[in-house]
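Student: One structure, as structure tokens, below. Some questions next.
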Amino acid sequence: MNRTADILVLGGGIVGLATAYYAARRKLGRITILERDRIGRGASSRNLGGIREQFSNEPTIRLMKQSIDLWEKLPEELEWNFLYDQKGYLLVARSEGQLAQLKTNAALQNSLGVRTRILTREEVLTMIPQLEAPDLVGASFNHRDGSVHHDAVLWAFKRAVLKLGVEVLEGVECRSIKTRSGKAIGAETSAGEFSATKIVNATGVYSRDLAATVGIDLPVKSFRREALVTEPYKRVLRPVFWDLSTGLLLSQTLRGEILGDTRDPGKEESRDLDASYAFLVKFAREMKLLFPSLANIHVLRQWAGHYDVSPDGSPILGEAEELENLVFASGFSGHGLMLSPIVGKLFAEMFETGKVPDLIHPYRFSRFAEGKPILEPLVAGRNVTSG
Amino acid sequence: MSRSRTITGEGESLVKYLLDENNLILSRSSKLHRPRGYLCGIGACPNCMMRVDDIPNVRVCQHRVGGKHTVETQNELRLVDSFGVLNALHPLISAGFQYRHFFSKRKRSMFYSVLRRVSGLGSASSSSRVTSRSVKLSPEVLVIGGGVAGLAAALSLQRNEILLIEQEELGGDFMIRWSQSELKEIQREKKMVQDLVASVLASPKIRVVKATVVGYYRLDRLVIAVNQNEGVVYQISPDEVIVATGMHETLPLFRNNDLPMVMLSAAVQRILNQKVQLPRLAFVVDINGQGPIVSADLAQRGMQVVGLSRPGLFSESEAALCSQYGVPMFPNSMVENVQSSGVVTLSRDGELQDIHAKLLVVCGRLQPNYELGFQLGCSMIVRNGESETRMEGTRGVDKPARVVGALAGYSSLLDCVTSGKVTEKASDMVIDITPDRYTKRAVEKAQLDAFACICEDVSVKEIVGAIKGGYVDIENLKRYTGVATGPCQGKQCALTVAEILSLMGTGPFFTTVRQPYMPVAVSMLATEE
């Protein structure tokens, strides 16, 4: 076990792994990942694997456009097939207000080179004939969006970082950040002290606790999100289906199972990882209403995970002003997986050049104090634009 | 196109009409399209799922007949299946192969189109099941499981409102097997169980509901049970819970253990009770010790039991019983392989012997039904040889349930009954994962046609390979190979996989238990407000 690193990554989820990967590829010295459980046992293995560039704000659209470019190359680069399927995301509007918002978003996306299309009611029903929604007015669709098998992504990155000489230490819990003269110099853990030149806080919902150990108030909150999976049906649903009114989201895997979630009935901040009956019933009612011909499908299991949500729904990336050498990568608000390649790559660039890349700059910690939030209402399961 | 049959009847489970001595095939397995038949009879395996009245994935062993029904086999590719093409491709499409190949965009694209076309069980239909309704109940005590321990617990509780939920029939495993048996050796026990059942039915304090408990939801403080035949969802808020969910048999590991001619003994006894004509020529494999009494019962019902195999020796009384009913014994032997043409290959002292038999009755390794206990906060003691570890149940449960009966580690009928009476004592669930002879041999030989997971067609060879490849704990192994992620959610494979992991992997050995306990249709869950 090496106790000194050039880059110490706290958190062995997808964000931590991607950061370590791109840093290692740039040969940025000794890199260590500290993970308190096993790789990916937090949000990284509990999500539905969604990857989309359909966002409402310019910085994230730009980031995700580049991230998808990276995703497209990653299977060959990592020599692992994590079942990346660009089946498209269909965001369905059932009111004129929702459609108007989608049109505004699509126009913004188009202006940045993202080829989202607005579909008419007829086009939506052609794409998804099983949908029964009399109030359906239209949808936005992007063929570059899609999904991955989240566990396979974790294995892919883990294999790759190990091959590149990154040290991955599982079962090591970080207790606090060590500082000296206004700089972060390491971490205090359950396995003793580690020191490093740069420290990345990629601990998901726990990043707030860790920040507090050095007096930094990281404004992220943990929200419980639930999901379920059904038995595998022969193929019925091609794109990822997302209904803006209810928040119902359905994604059929290549194996035929339908992954599903919906806007959660609970609203309190929570770190609880138990599933609820209220969620199951809400999901079932919504699915039965919108897809009566799929209502015979059996639910096999349900589970819960967390989103670490920032005040504006966009990630907090970069060093804290009060403390040098501590880099935050939190507050992804449900978009950690999809953003991880581009964030990892840009962080590596940042570590090497010492300059904050333009694409990262908007996500600085200080944006809240400056009154420049990056508002992103399109967060699955949370408040979504409605008409 | 699938074969379609029309069945007419009233009141019993549909499977009775679909089996006879000439046809044991009910379905085709998900990946390799291997023929599958009636295995467990209690909804704990994927084999009996068929398309009934245009509704896919209906477990015909649970589905109640009411009039006329159209039944079709699912997942068939007639020509491909009759030549066993997919099965022959098994070495190329073994567990995890999809991650290790097709990296380029073009290859992935081609692979995905193939995968989308062939994967999936059951296709959507326009018929929808009856709308379900919910019933709210708030008993003082809920007893989950109407086997002997559950019955005894319900009778001995000093409470006024007792709700007992049983999925199959009162008397549980005992009555499923022996309710119609005329074997004199079990008549005394049968009378005792019948008396227990009668007392429960006569008691004004006990309400009996036929349903399957699908989960305890800590956050909602609700126990949810469903009866899909009736279209009812029970939302139960008990003050206390007693878990008496018992155990069920699982398939041991030998070559071609998944063929339709292989049936678990409780399922065989049950289907014979329903007057189904099974192939007469039967061979019994004894793993859990019930071999002799089960063989005697089968012989007494007119089956020709051509042999009883056990990895160890038979006691004097067992030998006497066998000879009384004309059952040839094969001590110190194990089943190596079966062939659907009617051959069972035994091995004894390194020698192989072929025996002509058309039905292999397995007195299988018993896996405790621990899932609901976990969710209700009960801990489980995991025994492995001489060592014992403890797995904690869900944390934060207000009042953890109490465990009685076989789930608490009691083995004899009388002990289970007694344990039910002593209900003030909190017990832990008990599971023994000491690898048995079949598992040890399977891991040594690592065969491609000895199946540990029949939902996803995962063989011992693939599991051993995955563990050696670094997927050493259950969470990673499960996600990589697919074990415990199919319709049975680990009911057939959890214990077997734990045994294998204890031999060559690391803990944790059991995956996190997730609701629902049984697959439940979306239409059932979408109860009216």
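Scheme for the structure tokens: letters A, B, ... for chains in order shown; per-chain residue numbers from 1; ligand numbers from 1 in order shown.
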How close does chain A get to chain B? List, as a tab-separated table, each residue of chain A within 6 Å, its nearest atom pair and the distance in Å to one decimal, counting only C-alpha atoms.
Tutor:
```
residue	atom	partner	partner_atom	distance
A:Pro75	CA	B:Phe103	CA	5.2
A:Glu76	CA	B:Phe103	CA	4.9
A:Trp80	CA	B:Tyr99	CA	5.7
A:Asn81	CA	B:Tyr99	CA	4.4
A:Phe82	CA	B:Tyr99	CA	6.0
A:Pro232	CA	B:Gly120	CA	4.6
A:Tyr233	CA	B:Gly120	CA	4.4
A:Lys234	CA	B:Gly120	CA	4.2
A:Leu254	CA	B:Arg116	CA	5.6
A:Arg255	CA	B:Ser119	CA	5.4
A:Gly256	CA	B:Gly120	CA	4.7
A:Ser276	CA	B:Tyr217	CA	5.7
A:Val281	CA	B:Ala526	CA	5.7
A:Ala284	CA	B:Ala526	CA	4.8
A:Arg285	CA	B:Ala526	CA	4.4
A:Ser293	CA	B:Ser126	CA	4.7
A:Leu294	CA	B:Ala124	CA	5.7
A:Ala295	CA	B:Ser523	CA	5.0
A:Asn296	CA	B:Ala521	CA	5.3
A:Ile297	CA	B:Ala521	CA	5.3
A:His298	CA	B:Ala521	CA	4.0
A:Val299	CA	B:Pro519	CA	5.4
A:Leu300	CA	B:Pro519	CA	4.9
A:Arg301	CA	B:Gln515	CA	5.4
A:Gln302	CA	B:Gln515	CA	5.9
```
Student: Out of segment 152-200 of chain B, which residues get helix (DSSP H, G or I) from DSSP, as a list in words?
Tutor: Ala152, Ala153, Ala154, Leu155, Ser156, Gly172, Asp173, Phe174, Met175, Ile176, Arg177, Trp178, Lys184, Glu185, Ile186, Gln187, Arg188, Glu189, Lys190, Lys191, Met192, Val193, Gln194, Asp195, Leu196, Val197, Ala198, Ser199 and Val200 of chain B
Student: For segment 411-421 of chain B, list every protein, DNA or RNA residue within 7 Å, evaluated using only C-alpha atoms, and leave out those in the same chain fewer than 3 positions away; present the list as number ranges by chain.
Tutor: B: 148-150, 152-153, 156, 404-406
Student: I'd like the interatomic distance between atom CA of Arg117 of chain A and atom CA of Pro129 of chain A, to a tenth of an Å.
Tutor: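 Between these atoms lies a distance of 18.8 Å.
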Student: Skipping near chain neighbours, those fewer than 5 positions away, what residues fall within 9 Å of His143 of chain A using only C-alpha atoms, listed as a short mmCIF file (atom, residue, chain, number, x, y, z; two decimals) with C-alpha atoms, in the first residue's frame?
Tutor:
```
data_model
loop_
_atom_site.label_atom_id
_atom_site.label_comp_id
_atom_site.auth_asym_id
_atom_site.auth_seq_id
_atom_site.Cartn_x
_atom_site.Cartn_y
_atom_site.Cartn_z
CA GLN A 86 -27.72 4.49 -28.49
CA LYS A 87 -31.42 3.83 -28.69
CA GLY A 88 -32.49 7.43 -28.16
CA TYR A 89 -34.32 9.26 -25.41
CA LEU A 90 -37.91 10.24 -25.99
CA ARG A 115 -29.49 17.14 -33.21
CA THR A 116 -32.58 16.79 -31.08
CA ARG A 117 -35.83 16.73 -33.05
CA PRO A 239 -36.00 4.37 -27.03
#
```
Student: Quick one: everything within 10 Å of Lys478 of chain B, counting only C-alpha atoms, minus sequence neighbours fewer than 3 positions away in the same chain. Send it as a ChimeraX atom specification.
Tutor: /B:463,466,471-475,481-485,490,497,510-511
Student: Using only C-alpha atoms, which residue out of A:Gly13, A:Gly260, A:Gly313, A:Gly371 lies closest to Ala202 of chain A?
Tutor: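 With only C-alpha atoms as the atom set, the closest residue is A:Gly13.
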Student: Skip Gly40 of chain A itself and residues of its chain fewer than 4 positions away, then list as a PDB file with N, CA and C atoms, in the first residue's frame all residues within 7 Å of it, counting only C-alpha atoms.
Tutor:
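Okay, around.pdb is ready:
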```
ATOM      1  N   GLY A  12     -14.750   5.292  -4.990  1.00  0.00           N
ATOM      2  CA  GLY A  12     -14.536   4.361  -6.100  1.00  0.00           C
ATOM      3  C   GLY A  12     -15.783   4.152  -6.932  1.00  0.00           C
ATOM      4  N   GLY A  13     -16.539   5.193  -7.143  1.00  0.00           N
ATOM      5  CA  GLY A  13     -17.691   5.105  -8.033  1.00  0.00           C
ATOM      6  C   GLY A  13     -17.247   5.458  -9.445  1.00  0.00           C
ATOM      7  N   ILE A  14     -18.188   5.649 -10.333  1.00  0.00           N
ATOM      8  CA  ILE A  14     -17.829   5.881 -11.733  1.00  0.00           C
ATOM      9  C   ILE A  14     -17.053   7.187 -11.908  1.00  0.00           C
ATOM     10  N   SER A  44     -23.393   4.367  -8.309  1.00  0.00           N
ATOM     11  CA  SER A  44     -22.934   3.875  -9.612  1.00  0.00           C
ATOM     12  C   SER A  44     -23.545   2.547 -10.016  1.00  0.00           C
ATOM     13  N   SER A  45     -23.937   1.723  -9.052  1.00  0.00           N
ATOM     14  CA  SER A  45     -24.508   0.434  -9.439  1.00  0.00           C
ATOM     15  C   SER A  45     -26.011   0.398  -9.212  1.00  0.00           C
ATOM     16  N   LEU A 154     -18.495  -0.202 -14.752  1.00  0.00           N
ATOM     17  CA  LEU A 154     -17.598  -0.198 -13.588  1.00  0.00           C
ATOM     18  C   LEU A 154     -16.485  -1.214 -13.751  1.00  0.00           C
TER      19      LEU A 154
END
```
Student: Looking at only C-alpha atoms, which of A:Leu289, A:Leu280, A:Leu323, A:Ala107 is the one that sits closest to Thr262 of chain A?
Tutor: A:Leu280
Student: Write out as number ranges by chain all residues of segment 313-446 of chain B that backbone DSSP assigns to strand (DSSP E or B).
Tutor: B: 329-330, 334-339, 343-348, 351-356, 359-363, 365-368, 380-384, 387-391, 402-403, 429-432
Student: Restricted to N, CA and C atoms, what would the selected residues look like written as a compact mmCIF listing (two decimals), in the first residue's frame?
Tutor:
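Written output follows (out.txt):
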```txt
# COMPACT_ATOMS: atom_id res chain seq x y z
N MET B 329 -31.70 -50.40 -3.30
CA MET B 329 -30.89 -49.30 -2.76
C MET B 329 -29.51 -49.22 -3.40
N PHE B 330 -29.02 -48.03 -3.61
CA PHE B 330 -27.68 -47.81 -4.16
C PHE B 330 -26.93 -46.87 -3.20
N MET B 334 -23.79 -41.64 -6.53
CA MET B 334 -24.28 -40.32 -6.93
C MET B 334 -24.72 -40.38 -8.38
N VAL B 335 -25.67 -39.53 -8.71
CA VAL B 335 -26.11 -39.44 -10.10
C VAL B 335 -25.07 -38.62 -10.87
N GLU B 336 -24.67 -39.14 -12.02
CA GLU B 336 -23.70 -38.45 -12.86
C GLU B 336 -24.38 -37.65 -13.96
N ASN B 337 -25.39 -38.27 -14.54
CA ASN B 337 -25.96 -37.73 -15.77
C ASN B 337 -27.33 -38.33 -15.98
N VAL B 338 -28.21 -37.58 -16.66
CA VAL B 338 -29.47 -38.20 -17.08
C VAL B 338 -29.66 -37.93 -18.56
N GLN B 339 -30.40 -38.81 -19.20
CA GLN B 339 -30.73 -38.61 -20.61
C GLN B 339 -32.23 -38.79 -20.77
N VAL B 343 -32.38 -42.75 -19.39
CA VAL B 343 -31.21 -43.35 -18.76
C VAL B 343 -30.71 -42.46 -17.61
N VAL B 344 -30.45 -43.11 -16.48
CA VAL B 344 -29.82 -42.41 -15.36
C VAL B 344 -28.46 -43.06 -15.15
N THR B 345 -27.41 -42.26 -15.20
CA THR B 345 -26.07 -42.82 -15.00
C THR B 345 -25.63 -42.54 -13.56
N LEU B 346 -25.31 -43.65 -12.88
CA LEU B 346 -24.86 -43.54 -11.48
C LEU B 346 -23.37 -43.78 -11.41
N SER B 347 -22.76 -43.14 -10.43
CA SER B 347 -21.35 -43.50 -10.20
C SER B 347 -21.20 -43.99 -8.77
N ARG B 348 -20.42 -45.03 -8.64
CA ARG B 348 -20.17 -45.59 -7.31
C ARG B 348 -18.76 -46.14 -7.30
N GLU B 351 -16.99 -46.32 -10.50
CA GLU B 351 -17.59 -47.12 -11.56
C GLU B 351 -18.90 -46.47 -12.00
N LEU B 352 -19.17 -46.54 -13.32
CA LEU B 352 -20.42 -45.98 -13.81
C LEU B 352 -21.40 -47.09 -14.12
N GLN B 353 -22.68 -46.78 -13.89
CA GLN B 353 -23.71 -47.77 -14.17
C GLN B 353 -24.92 -47.05 -14.76
N ASP B 354 -25.44 -47.55 -15.86
CA ASP B 354 -26.63 -46.96 -16.48
C ASP B 354 -27.88 -47.67 -16.01
N ILE B 355 -28.87 -46.90 -15.61
CA ILE B 355 -30.12 -47.50 -15.16
C ILE B 355 -31.25 -46.92 -15.99
N HIS B 356 -32.14 -47.82 -16.38
CA HIS B 356 -33.27 -47.39 -17.20
C HIS B 356 -34.34 -46.77 -16.32
N LEU B 359 -38.12 -41.14 -15.03
CA LEU B 359 -38.39 -40.02 -14.13
C LEU B 359 -37.33 -40.04 -13.04
N LEU B 360 -36.72 -38.89 -12.79
CA LEU B 360 -35.75 -38.82 -11.70
C LEU B 360 -36.35 -37.96 -10.59
N VAL B 361 -36.63 -38.59 -9.48
CA VAL B 361 -37.26 -37.89 -8.36
C VAL B 361 -36.17 -37.45 -7.39
N VAL B 362 -36.05 -36.14 -7.20
CA VAL B 362 -34.94 -35.62 -6.39
C VAL B 362 -35.42 -35.16 -5.02
N CYS B 363 -34.91 -35.81 -3.98
CA CYS B 363 -35.15 -35.32 -2.62
C CYS B 363 -34.04 -34.30 -2.37
N ARG B 365 -31.61 -30.75 -1.81
CA ARG B 365 -31.06 -29.95 -0.71
C ARG B 365 -32.07 -28.87 -0.35
N LEU B 366 -32.32 -28.72 0.95
CA LEU B 366 -33.35 -27.78 1.37
C LEU B 366 -32.79 -26.37 1.57
N GLN B 367 -33.39 -25.42 0.86
CA GLN B 367 -32.99 -24.02 1.01
C GLN B 367 -34.03 -23.30 1.85
N PRO B 368 -33.62 -22.70 2.96
CA PRO B 368 -34.59 -21.97 3.79
C PRO B 368 -35.17 -20.78 3.03
N MET B 380 -29.68 -14.13 10.32
CA MET B 380 -29.53 -15.51 9.88
C MET B 380 -28.16 -16.03 10.28
N ILE B 381 -28.16 -17.22 10.87
CA ILE B 381 -26.89 -17.85 11.23
C ILE B 381 -26.47 -18.72 10.06
N VAL B 382 -25.30 -18.46 9.55
CA VAL B 382 -24.79 -19.19 8.39
C VAL B 382 -23.75 -20.19 8.86
N ARG B 383 -24.08 -21.45 8.70
CA ARG B 383 -23.15 -22.50 9.15
C ARG B 383 -22.38 -23.04 7.96
N ASN B 384 -21.12 -23.25 8.19
CA ASN B 384 -20.29 -23.84 7.15
C ASN B 384 -19.30 -24.75 7.84
N SER B 387 -17.76 -23.78 11.33
CA SER B 387 -17.82 -22.35 11.64
C SER B 387 -19.23 -21.80 11.45
N GLU B 388 -19.45 -20.68 12.11
CA GLU B 388 -20.76 -20.03 12.08
C GLU B 388 -20.55 -18.54 11.95
N THR B 389 -21.25 -17.91 11.02
CA THR B 389 -21.22 -16.44 11.00
C THR B 389 -22.66 -15.97 11.05
N ARG B 390 -22.81 -14.69 11.27
CA ARG B 390 -24.15 -14.16 11.40
C ARG B 390 -24.39 -13.08 10.37
N MET B 391 -25.52 -13.17 9.67
CA MET B 391 -25.90 -12.12 8.73
C MET B 391 -27.04 -11.34 9.35
N ARG B 402 -40.37 -12.85 14.65
CA ARG B 402 -39.84 -14.05 15.30
C ARG B 402 -39.93 -15.21 14.32
N VAL B 403 -38.95 -16.08 14.42
CA VAL B 403 -38.83 -17.18 13.46
C VAL B 403 -39.14 -18.50 14.14
N MET B 429 -32.86 -17.14 11.95
CA MET B 429 -32.98 -18.10 10.85
C MET B 429 -31.66 -18.85 10.78
N VAL B 430 -31.72 -20.04 10.26
CA VAL B 430 -30.51 -20.85 10.16
C VAL B 430 -30.36 -21.36 8.75
N ILE B 431 -29.15 -21.27 8.24
CA ILE B 431 -28.87 -21.88 6.93
C ILE B 431 -27.52 -22.57 7.01
N ASP B 432 -27.44 -23.70 6.36
CA ASP B 432 -26.18 -24.43 6.35
C ASP B 432 -25.64 -24.45 4.92
```
Student: Quick one: everything within 10 Å of Gln158 of chain B, counting only C-alpha atoms, minus sequence neighbours fewer than 4 positions away in the same chain. Send it as a ChimeraX atom specification.
Tutor: /B:141,153-154,162,205,423
Student: Next, dump the selected residues to file, keeping only N, CA, C and O atoms, as a tab-separated table (two decimals), in the first residue's frame.
Tutor:
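Listing of result30.tsv after writing:
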```
chain	number	residue	atom	x	y	z
B	141	VAL	N	-51.40	-10.13	15.32
B	141	VAL	CA	-50.24	-10.90	14.87
B	141	VAL	C	-50.47	-11.41	13.45
B	141	VAL	O	-51.55	-11.84	13.11
B	153	ALA	N	-47.99	-22.15	15.91
B	153	ALA	CA	-47.80	-20.80	16.45
B	153	ALA	C	-49.13	-20.08	16.56
B	153	ALA	O	-49.45	-19.49	17.59
B	154	ALA	N	-49.92	-20.15	15.50
B	154	ALA	CA	-51.22	-19.46	15.51
B	154	ALA	C	-52.10	-19.96	16.65
B	154	ALA	O	-52.79	-19.17	17.31
B	162	ILE	N	-55.56	-13.04	14.97
B	162	ILE	CA	-54.39	-13.65	14.33
B	162	ILE	C	-54.70	-13.84	12.86
B	162	ILE	O	-55.72	-14.40	12.50
B	205	LYS	N	-60.34	-16.99	16.56
B	205	LYS	CA	-59.33	-15.94	16.66
B	205	LYS	C	-58.43	-15.87	15.42
B	205	LYS	O	-57.70	-14.91	15.23
B	423	THR	N	-43.47	-19.29	21.27
B	423	THR	CA	-43.35	-18.14	20.40
B	423	THR	C	-42.88	-16.87	21.10
B	423	THR	O	-42.77	-15.84	20.47
```
